[in-house]
Amino acid sequence: KVLRVALLGLGGYAQRVAESIQSCKRVKITGLISGTPDKLKTWSAKYNVPEKSCYNYQNFDSIKDNPEVDAVYVITPNSLHREFTIRAAKAGKHVICEKPMAINVKEGEEMIAACKKANVKLLIGYRMHFEPHTLEVIRMRNEGDFGQIKFFQGLCGFRIGDPAQWRLSKALAGGGSLMDIGIYAINGCRYMVGEEPIWVTAQETKTDPVKFKEGVDETIQFQFGFKSGAVASCLSTYNMNNLDRFFLNGEKGFAEMLPSTGYGPIKGKTNKGEINAPVVVHQTEQMDQMAGILFDGKKPVVPVDGEEGLKDLKIIEAIYKAVATGKKVSL
Ligand code: NAD
């Protein structure tokens with residue numbers, strides 16, 4: 001069965017997703033939702049979506065009467081994820097929502113509850129969970145190739161441009177680099193170590209308080225501890241380029257991913273040599289696999305459901321609390 005998806009929020013990442021869907025085996029764009037009439041016009045022509053399946057943010061709820069749409073993919077600024085996810089669920093559509101799933105734990109819980117109530121599935125756009133080099137490292141760890149895991153390092157960042165963009169607005173982004181790019185180190189730490197952290201400490205550095213206003217973090221370093229005794233050390237920043245590296249160390253071996261979460265190709269090596277895994281377009285692979293999750297009950301190796309998104313939000317809140325208090329925060 002082909003997954004017929006409506007894209008909501010036609011910005012930069014939606015563009016990448018739309019292009020990637022063109023090579024999908026079982027995903028098709030059958031709906032578009034945007035606040036900009038011009039975009040609806042050009043996108044509907046480009047992707048062959050009929051006018052009757054194009055919506056604005058006001059009339060979008062009537063998508064419930066559209067039998068050509070199975071799921072809505074929410075790709076707006078972070079603080080709008082909650083509202084659009086709940087509206088899509090109420091319209092009886094499955095929801096795929098971009099990361100971070102919301103701007104706080106409370107909103108994430110409301111989204112999960114709304115999807116449960118409407119009996120639709122909620123998936124978060126964690127494209128790395130389908131990336132073959134990443135999955136190979138996870139497989140090797142599960143097989144015991146690295147022995148007992150002792151340490152993870154996750155470095156995630158880029159130098160952000162235009163100071164007027166939504167990513168630098170606390171109201172739209174919910175925070176700063178941690179919400180946007182640091183979440184890859186948090187999520188990556190969890191799937192690379194294979195365990196949930198039990199405590200966090202964190203420190204913030206702000207060199208440009210004009211660009212990075214109150215509540216918008218520029219750089220945060222954070223550390224995790226795990227029940228097994230493993231520890232992690234991560235860096236999230238909007239002020240450095242070429243920062244996209246994971247390092248996992250165990251008693252018997254190591255894995256290094258460099259780059260680790262960029263659009264690709266992902267490169268990895270371990271104590272056994274280079275990882276030779278297929279190079280895929282992340283979003284194409286993600287969408288095809290999500291069709292399998294939604295329609296065939298497939299279970300991904302690393303979950304991509306709402307609960308998975310919520311775990312990251314809980315850790316993000318704990319990191320912000322650790323920054324604010326200067327104390328170790330239990331999870
Ligand atoms: P973007 O600025 O390029 O696009 C955002 C879109 O939302 C625009 O089309 C804009 O018009 C629309 N929008 C609707 N209401 C808006 C409002 N009130 N204010 C501002 N814009 C509004 O951003 P993006 O890079 O496409 O990011 C969108 C989402 O996708 C974010 O949640 C981001 O975290 C996520 N994302 C995920 C990945 C990934 O690799 N998984 C990559 C990039 C972005």
# chains A, B, ... in the order shown; residues from 1 in each chain; ligands from 1
>>> residues_around(residues="Gly309 of chain A", least_positions_apart="3", cutoff="6 Å", atoms="only C-alpha atoms", output="JSON, numbers by chain")
{"A": [101, 306, 312]}
>>> residues_around(residues="Leu40 of chain A", least_positions_apart="6", cutoff="9 Å", atoms="only C-alpha atoms", output="ChimeraX atom specification")
/A:10,32-34,51,54-56
>>> atom_distance(atom1="atom CA of Pro163 of chain A", atom2="atom 20 (C, counted along the ligand's line) of ligand 1")
13.5 Å
>>> residues_near_ligand(ligand="ligand 1", cutoff="7 Å", atoms="only C-alpha atoms and all ligand atoms", output="PDB file with C-alpha atoms, in the first residue's frame")
ATOM      1  CA  GLY A   9       4.627  23.997   5.948  1.00  0.00           C
ATOM      2  CA  LEU A  10       6.376  24.392   2.589  1.00  0.00           C
ATOM      3  CA  GLY A  11       9.789  25.720   3.681  1.00  0.00           C
ATOM      4  CA  GLY A  12      13.362  24.598   3.206  1.00  0.00           C
ATOM      5  CA  TYR A  13      13.166  21.168   4.752  1.00  0.00           C
ATOM      6  CA  ALA A  14       9.778  20.396   3.192  1.00  0.00           C
ATOM      7  CA  GLY A  35      -0.184  29.848   4.443  1.00  0.00           C
ATOM      8  CA  ILE A  75       7.362  20.651   8.799  1.00  0.00           C
ATOM      9  CA  THR A  76       6.795  24.077  10.384  1.00  0.00           C
ATOM     10  CA  PRO A  77       8.782  25.976  13.021  1.00  0.00           C
ATOM     11  CA  ASN A  78       8.889  23.967  16.263  1.00  0.00           C
ATOM     12  CA  GLU A  98       9.508  16.998  12.469  1.00  0.00           C
ATOM     13  CA  LYS A  99      12.007  17.105  15.335  1.00  0.00           C
ATOM     14  CA  PRO A 100      11.925  18.434  18.000  1.00  0.00           C
ATOM     15  CA  GLY A 125      11.100  12.689  11.591  1.00  0.00           C
ATOM     16  CA  TYR A 126      14.160  10.962  13.053  1.00  0.00           C
ATOM     17  CA  ARG A 127      15.780  10.186   9.692  1.00  0.00           C
ATOM     18  CA  TRP A 166      12.592  31.715  13.362  1.00  0.00           C
ATOM     19  CA  LEU A 172       8.925  29.909  17.444  1.00  0.00           C
ATOM     20  CA  ASP A 180      17.495  22.356  16.642  1.00  0.00           C
TER      21      ASP A 180
END
>>> closest_residue(among="A:Cys97, A:Arg87, A:Phe212, A:Gly229", to="Gln165 of chain A", atoms="only C-alpha atoms")
A:Phe212
>>> residues_around(residues="Ser177 of chain A", least_positions_apart="6", cutoff="12 Å", atoms="only C-alpha atoms", output="ChimeraX atom specification")
/A:100,155-160,166-170,183-185,204-206,212,215-221,235-240,316,320
>>> write_last_selection(atoms="N, CA and C atoms", output="short mmCIF file (atom, residue, chain, number, x, y, z; two decimals), in the first residue's frame")
data_model
loop_
_atom_site.label_atom_id
_atom_site.label_comp_id
_atom_site.auth_asym_id
_atom_site.auth_seq_id
_atom_site.Cartn_x
_atom_site.Cartn_y
_atom_site.Cartn_z
N PRO A 100 12.39 19.09 16.78
CA PRO A 100 11.93 18.43 18.00
C PRO A 100 10.41 18.34 17.94
N LEU A 155 29.15 15.72 18.98
CA LEU A 155 29.42 17.13 18.69
C LEU A 155 28.53 17.54 17.53
N CYS A 156 27.62 18.49 17.78
CA CYS A 156 26.65 18.85 16.76
C CYS A 156 26.50 20.36 16.70
N GLY A 157 26.74 20.93 15.54
CA GLY A 157 26.56 22.38 15.44
C GLY A 157 26.81 22.92 14.05
N PHE A 158 26.41 24.14 13.87
CA PHE A 158 26.73 24.91 12.66
C PHE A 158 26.64 26.37 13.02
N ARG A 159 27.25 27.22 12.19
CA ARG A 159 27.18 28.66 12.41
C ARG A 159 25.92 29.17 11.77
N ILE A 160 25.03 29.72 12.57
CA ILE A 160 23.73 30.15 12.05
C ILE A 160 23.84 31.54 11.44
N TRP A 166 13.37 32.26 12.25
CA TRP A 166 12.59 31.72 13.36
C TRP A 166 13.45 30.88 14.32
N ARG A 167 14.53 30.30 13.82
CA ARG A 167 15.39 29.48 14.69
C ARG A 167 15.99 30.29 15.84
N LEU A 168 16.02 31.63 15.68
CA LEU A 168 16.58 32.49 16.74
C LEU A 168 15.48 33.21 17.50
N SER A 169 14.24 32.74 17.35
CA SER A 169 13.12 33.28 18.12
C SER A 169 12.69 32.26 19.16
N LYS A 170 12.75 32.66 20.42
CA LYS A 170 12.35 31.74 21.50
C LYS A 170 10.90 31.28 21.30
N ILE A 183 19.79 18.37 19.65
CA ILE A 183 18.90 17.21 19.81
C ILE A 183 19.49 15.98 19.11
N TYR A 184 20.30 16.19 18.06
CA TYR A 184 20.94 15.05 17.39
C TYR A 184 21.96 14.37 18.30
N ALA A 185 22.64 15.16 19.13
CA ALA A 185 23.60 14.56 20.06
C ALA A 185 22.86 13.80 21.16
N GLU A 204 26.31 26.60 29.78
CA GLU A 204 26.04 27.41 28.59
C GLU A 204 27.11 28.48 28.39
N THR A 205 27.43 28.74 27.13
CA THR A 205 28.33 29.85 26.80
C THR A 205 27.62 30.73 25.78
N LYS A 206 27.59 32.04 26.03
CA LYS A 206 26.98 32.95 25.06
C LYS A 206 27.96 34.07 24.75
N PHE A 212 21.78 36.03 20.04
CA PHE A 212 21.18 34.94 20.82
C PHE A 212 20.52 35.54 22.06
N GLY A 215 16.81 33.05 26.45
CA GLY A 215 16.08 31.82 26.14
C GLY A 215 16.49 31.15 24.84
N VAL A 216 17.41 31.78 24.10
CA VAL A 216 17.91 31.18 22.85
C VAL A 216 19.39 30.86 23.06
N ASP A 217 19.69 29.58 23.24
CA ASP A 217 21.07 29.20 23.56
C ASP A 217 21.94 29.16 22.31
N GLU A 218 23.15 29.69 22.48
CA GLU A 218 24.14 29.67 21.40
C GLU A 218 24.96 28.38 21.49
N THR A 219 25.56 28.14 22.65
CA THR A 219 26.38 26.94 22.85
C THR A 219 26.09 26.33 24.22
N ILE A 220 25.82 25.03 24.23
CA ILE A 220 25.66 24.32 25.51
C ILE A 220 26.50 23.05 25.46
N GLN A 221 27.29 22.84 26.50
CA GLN A 221 27.98 21.56 26.68
C GLN A 221 27.19 20.79 27.72
N LEU A 235 28.34 18.49 22.81
CA LEU A 235 28.39 19.92 22.53
C LEU A 235 27.35 20.26 21.48
N SER A 236 26.53 21.27 21.79
CA SER A 236 25.52 21.76 20.86
C SER A 236 25.80 23.23 20.61
N THR A 237 25.90 23.64 19.34
CA THR A 237 26.22 25.05 19.11
C THR A 237 25.67 25.60 17.79
N TYR A 238 25.39 26.90 17.81
CA TYR A 238 25.05 27.66 16.61
C TYR A 238 26.22 28.54 16.21
N ASN A 239 27.40 28.22 16.71
CA ASN A 239 28.52 29.14 16.50
C ASN A 239 29.81 28.46 16.01
N MET A 240 29.69 27.25 15.43
CA MET A 240 30.87 26.57 14.87
C MET A 240 30.44 25.75 13.67
N ILE A 316 15.93 17.45 27.08
CA ILE A 316 16.17 18.87 26.76
C ILE A 316 15.76 19.74 27.95
N TYR A 320 18.24 22.24 30.14
CA TYR A 320 18.00 23.67 30.42
C TYR A 320 17.94 23.92 31.93
#
>>> closest_residue(among="A:Met140, A:Met192, A:Val304, A:Leu331", to="Met287 of chain A", atoms="only C-alpha atoms")
A:Val304
>>> residues_around(residues="Ser20 of chain A", least_positions_apart="6", cutoff="9 Å", atoms="only C-alpha atoms", output="ChimeraX atom specification")
/A:281-285,287
>>> select_by_dssp(residues="segment 138-261 of chain A", states="strand (DSSP E or B)", output="ChimeraX atom specification")
/A:149-157,197-205,219-226,231-237,243-250,254-257
>>> write_last_selection(atoms="C-alpha atoms", output="PDB file, in the first residue's frame")
ATOM      1  CA  ILE A 149      30.043   0.684  26.439  1.00  0.00           C
ATOM      2  CA  LYS A 150      31.960   3.223  28.518  1.00  0.00           C
ATOM      3  CA  PHE A 151      31.786   6.590  26.739  1.00  0.00           C
ATOM      4  CA  PHE A 152      30.011   8.573  24.035  1.00  0.00           C
ATOM      5  CA  GLN A 153      30.906  11.957  22.596  1.00  0.00           C
ATOM      6  CA  GLY A 154      28.455  13.854  20.382  1.00  0.00           C
ATOM      7  CA  LEU A 155      29.423  17.126  18.687  1.00  0.00           C
ATOM      8  CA  CYS A 156      26.648  18.853  16.763  1.00  0.00           C
ATOM      9  CA  GLY A 157      26.562  22.381  15.435  1.00  0.00           C
ATOM     10  CA  PRO A 197      20.732   8.598  30.731  1.00  0.00           C
ATOM     11  CA  ILE A 198      19.954   8.893  34.450  1.00  0.00           C
ATOM     12  CA  TRP A 199      21.535  12.283  35.151  1.00  0.00           C
ATOM     13  CA  VAL A 200      22.660  15.377  33.311  1.00  0.00           C
ATOM     14  CA  THR A 201      24.953  18.344  33.983  1.00  0.00           C
ATOM     15  CA  ALA A 202      25.226  21.275  31.557  1.00  0.00           C
ATOM     16  CA  GLN A 203      26.973  24.595  30.965  1.00  0.00           C
ATOM     17  CA  GLU A 204      26.038  27.411  28.585  1.00  0.00           C
ATOM     18  CA  THR A 205      28.330  29.848  26.799  1.00  0.00           C
ATOM     19  CA  THR A 219      26.383  26.938  22.846  1.00  0.00           C
ATOM     20  CA  ILE A 220      25.659  24.320  25.509  1.00  0.00           C
ATOM     21  CA  GLN A 221      27.975  21.562  26.677  1.00  0.00           C
ATOM     22  CA  PHE A 222      26.244  18.726  28.487  1.00  0.00           C
ATOM     23  CA  GLN A 223      27.197  15.493  30.171  1.00  0.00           C
ATOM     24  CA  PHE A 224      25.171  12.349  30.866  1.00  0.00           C
ATOM     25  CA  GLY A 225      25.602   9.444  33.230  1.00  0.00           C
ATOM     26  CA  PHE A 226      24.111   5.985  32.680  1.00  0.00           C
ATOM     27  CA  VAL A 231      29.239   8.552  30.614  1.00  0.00           C
ATOM     28  CA  ALA A 232      28.724  10.972  27.726  1.00  0.00           C
ATOM     29  CA  SER A 233      29.983  14.418  26.831  1.00  0.00           C
ATOM     30  CA  CYS A 234      28.248  16.512  24.167  1.00  0.00           C
ATOM     31  CA  LEU A 235      28.394  19.923  22.534  1.00  0.00           C
ATOM     32  CA  SER A 236      25.522  21.765  20.856  1.00  0.00           C
ATOM     33  CA  THR A 237      26.224  25.050  19.106  1.00  0.00           C
ATOM     34  CA  LEU A 243      30.920  20.005  13.903  1.00  0.00           C
ATOM     35  CA  ASP A 244      29.168  16.720  13.179  1.00  0.00           C
ATOM     36  CA  ARG A 245      30.911  13.837  14.929  1.00  0.00           C
ATOM     37  CA  PHE A 246      29.965  10.883  17.141  1.00  0.00           C
ATOM     38  CA  PHE A 247      32.480   8.764  19.011  1.00  0.00           C
ATOM     39  CA  LEU A 248      31.523   5.641  20.937  1.00  0.00           C
ATOM     40  CA  ASN A 249      33.995   3.783  23.110  1.00  0.00           C
ATOM     41  CA  GLY A 250      33.631   0.365  24.709  1.00  0.00           C
ATOM     42  CA  PHE A 254      35.126   1.920  19.259  1.00  0.00           C
ATOM     43  CA  ALA A 255      33.002   3.522  16.547  1.00  0.00           C
ATOM     44  CA  GLU A 256      33.495   6.925  14.996  1.00  0.00           C
ATOM     45  CA  MET A 257      30.894   8.583  12.766  1.00  0.00           C
TER      46      MET A 257
END
>>> select_by_dssp(residues="segment 112-330 of chain A", states="helix (DSSP H, G or I)", output="ChimeraX atom specification")
/A:112-117,127-130,132-143,166-168,170-173,177-193,282-296,306-325
>>> closest_residue(among="A:Phe84, A:Glu131, A:Ala89, A:Asp288", to="Gln22 of chain A", atoms="only C-alpha atoms")
A:Asp288
>>> decode(residues="segment 253-272 of chain A", atoms="N, CA and C atoms", output="PDB file, in the first residue's frame")
ATOM      1  N   GLY A 253      36.213  -2.069  21.880  1.00  0.00           N
ATOM      2  CA  GLY A 253      36.330  -1.404  20.584  1.00  0.00           C
ATOM      3  C   GLY A 253      35.668  -0.039  20.572  1.00  0.00           C
ATOM      4  N   PHE A 254      35.679   0.571  19.375  1.00  0.00           N
ATOM      5  CA  PHE A 254      35.126   1.920  19.259  1.00  0.00           C
ATOM      6  C   PHE A 254      34.422   2.080  17.915  1.00  0.00           C
ATOM      7  N   ALA A 255      33.592   3.114  17.827  1.00  0.00           N
ATOM      8  CA  ALA A 255      33.002   3.522  16.547  1.00  0.00           C
ATOM      9  C   ALA A 255      33.102   5.031  16.445  1.00  0.00           C
ATOM     10  N   GLU A 256      33.472   5.488  15.237  1.00  0.00           N
ATOM     11  CA  GLU A 256      33.495   6.925  14.996  1.00  0.00           C
ATOM     12  C   GLU A 256      32.638   7.214  13.764  1.00  0.00           C
ATOM     13  N   MET A 257      31.727   8.166  13.897  1.00  0.00           N
ATOM     14  CA  MET A 257      30.894   8.583  12.766  1.00  0.00           C
ATOM     15  C   MET A 257      31.268  10.020  12.445  1.00  0.00           C
ATOM     16  N   LEU A 258      31.744  10.255  11.217  1.00  0.00           N
ATOM     17  CA  LEU A 258      32.194  11.604  10.823  1.00  0.00           C
ATOM     18  C   LEU A 258      32.065  11.726   9.318  1.00  0.00           C
ATOM     19  N   PRO A 259      31.016  12.431   8.826  1.00  0.00           N
ATOM     20  CA  PRO A 259      29.929  13.074   9.567  1.00  0.00           C
ATOM     21  C   PRO A 259      28.942  12.046  10.149  1.00  0.00           C
ATOM     22  N   SER A 260      28.233  12.488  11.156  1.00  0.00           N
ATOM     23  CA  SER A 260      27.383  11.556  11.905  1.00  0.00           C
ATOM     24  C   SER A 260      25.890  11.749  11.674  1.00  0.00           C
ATOM     25  N   THR A 261      25.459  12.984  11.393  1.00  0.00           N
ATOM     26  CA  THR A 261      24.009  13.206  11.235  1.00  0.00           C
ATOM     27  C   THR A 261      23.661  14.170  10.102  1.00  0.00           C
ATOM     28  N   GLY A 262      24.661  14.683   9.391  1.00  0.00           N
ATOM     29  CA  GLY A 262      24.388  15.561   8.246  1.00  0.00           C
ATOM     30  C   GLY A 262      23.608  14.787   7.188  1.00  0.00           C
ATOM     31  N   TYR A 263      23.201  15.478   6.134  1.00  0.00           N
ATOM     32  CA  TYR A 263      22.359  14.829   5.132  1.00  0.00           C
ATOM     33  C   TYR A 263      23.100  13.716   4.391  1.00  0.00           C
ATOM     34  N   GLY A 264      24.400  13.678   4.549  1.00  0.00           N
ATOM     35  CA  GLY A 264      25.115  12.527   4.036  1.00  0.00           C
ATOM     36  C   GLY A 264      26.041  12.861   2.887  1.00  0.00           C
ATOM     37  N   PRO A 265      26.844  11.861   2.432  1.00  0.00           N
ATOM     38  CA  PRO A 265      26.840  10.511   2.995  1.00  0.00           C
ATOM     39  C   PRO A 265      27.484  10.445   4.384  1.00  0.00           C
ATOM     40  N   ILE A 266      26.917   9.591   5.238  1.00  0.00           N
ATOM     41  CA  ILE A 266      27.451   9.348   6.570  1.00  0.00           C
ATOM     42  C   ILE A 266      28.664   8.436   6.422  1.00  0.00           C
ATOM     43  N   LYS A 267      29.711   8.717   7.186  1.00  0.00           N
ATOM     44  CA  LYS A 267      30.892   7.847   7.145  1.00  0.00           C
ATOM     45  C   LYS A 267      31.163   7.329   8.549  1.00  0.00           C
ATOM     46  N   GLY A 268      31.515   6.063   8.621  1.00  0.00           N
ATOM     47  CA  GLY A 268      31.791   5.494   9.931  1.00  0.00           C
ATOM     48  C   GLY A 268      32.959   4.541   9.881  1.00  0.00           C
ATOM     49  N   LYS A 269      33.720   4.482  10.979  1.00  0.00           N
ATOM     50  CA  LYS A 269      34.733   3.427  11.093  1.00  0.00           C
ATOM     51  C   LYS A 269      34.729   2.914  12.531  1.00  0.00           C
ATOM     52  N   THR A 270      35.191   1.690  12.648  1.00  0.00           N
ATOM     53  CA  THR A 270      35.283   1.079  13.970  1.00  0.00           C
ATOM     54  C   THR A 270      36.676   0.492  14.110  1.00  0.00           C
ATOM     55  N   ASN A 271      36.966  -0.115  15.246  1.00  0.00           N
ATOM     56  CA  ASN A 271      38.251  -0.788  15.435  1.00  0.00           C
ATOM     57  C   ASN A 271      38.442  -1.908  14.413  1.00  0.00           C
ATOM     58  N   LYS A 272      37.357  -2.325  13.748  1.00  0.00           N
ATOM     59  CA  LYS A 272      37.461  -3.371  12.721  1.00  0.00           C
ATOM     60  C   LYS A 272      37.612  -2.806  11.318  1.00  0.00           C
TER      61      LYS A 272
END
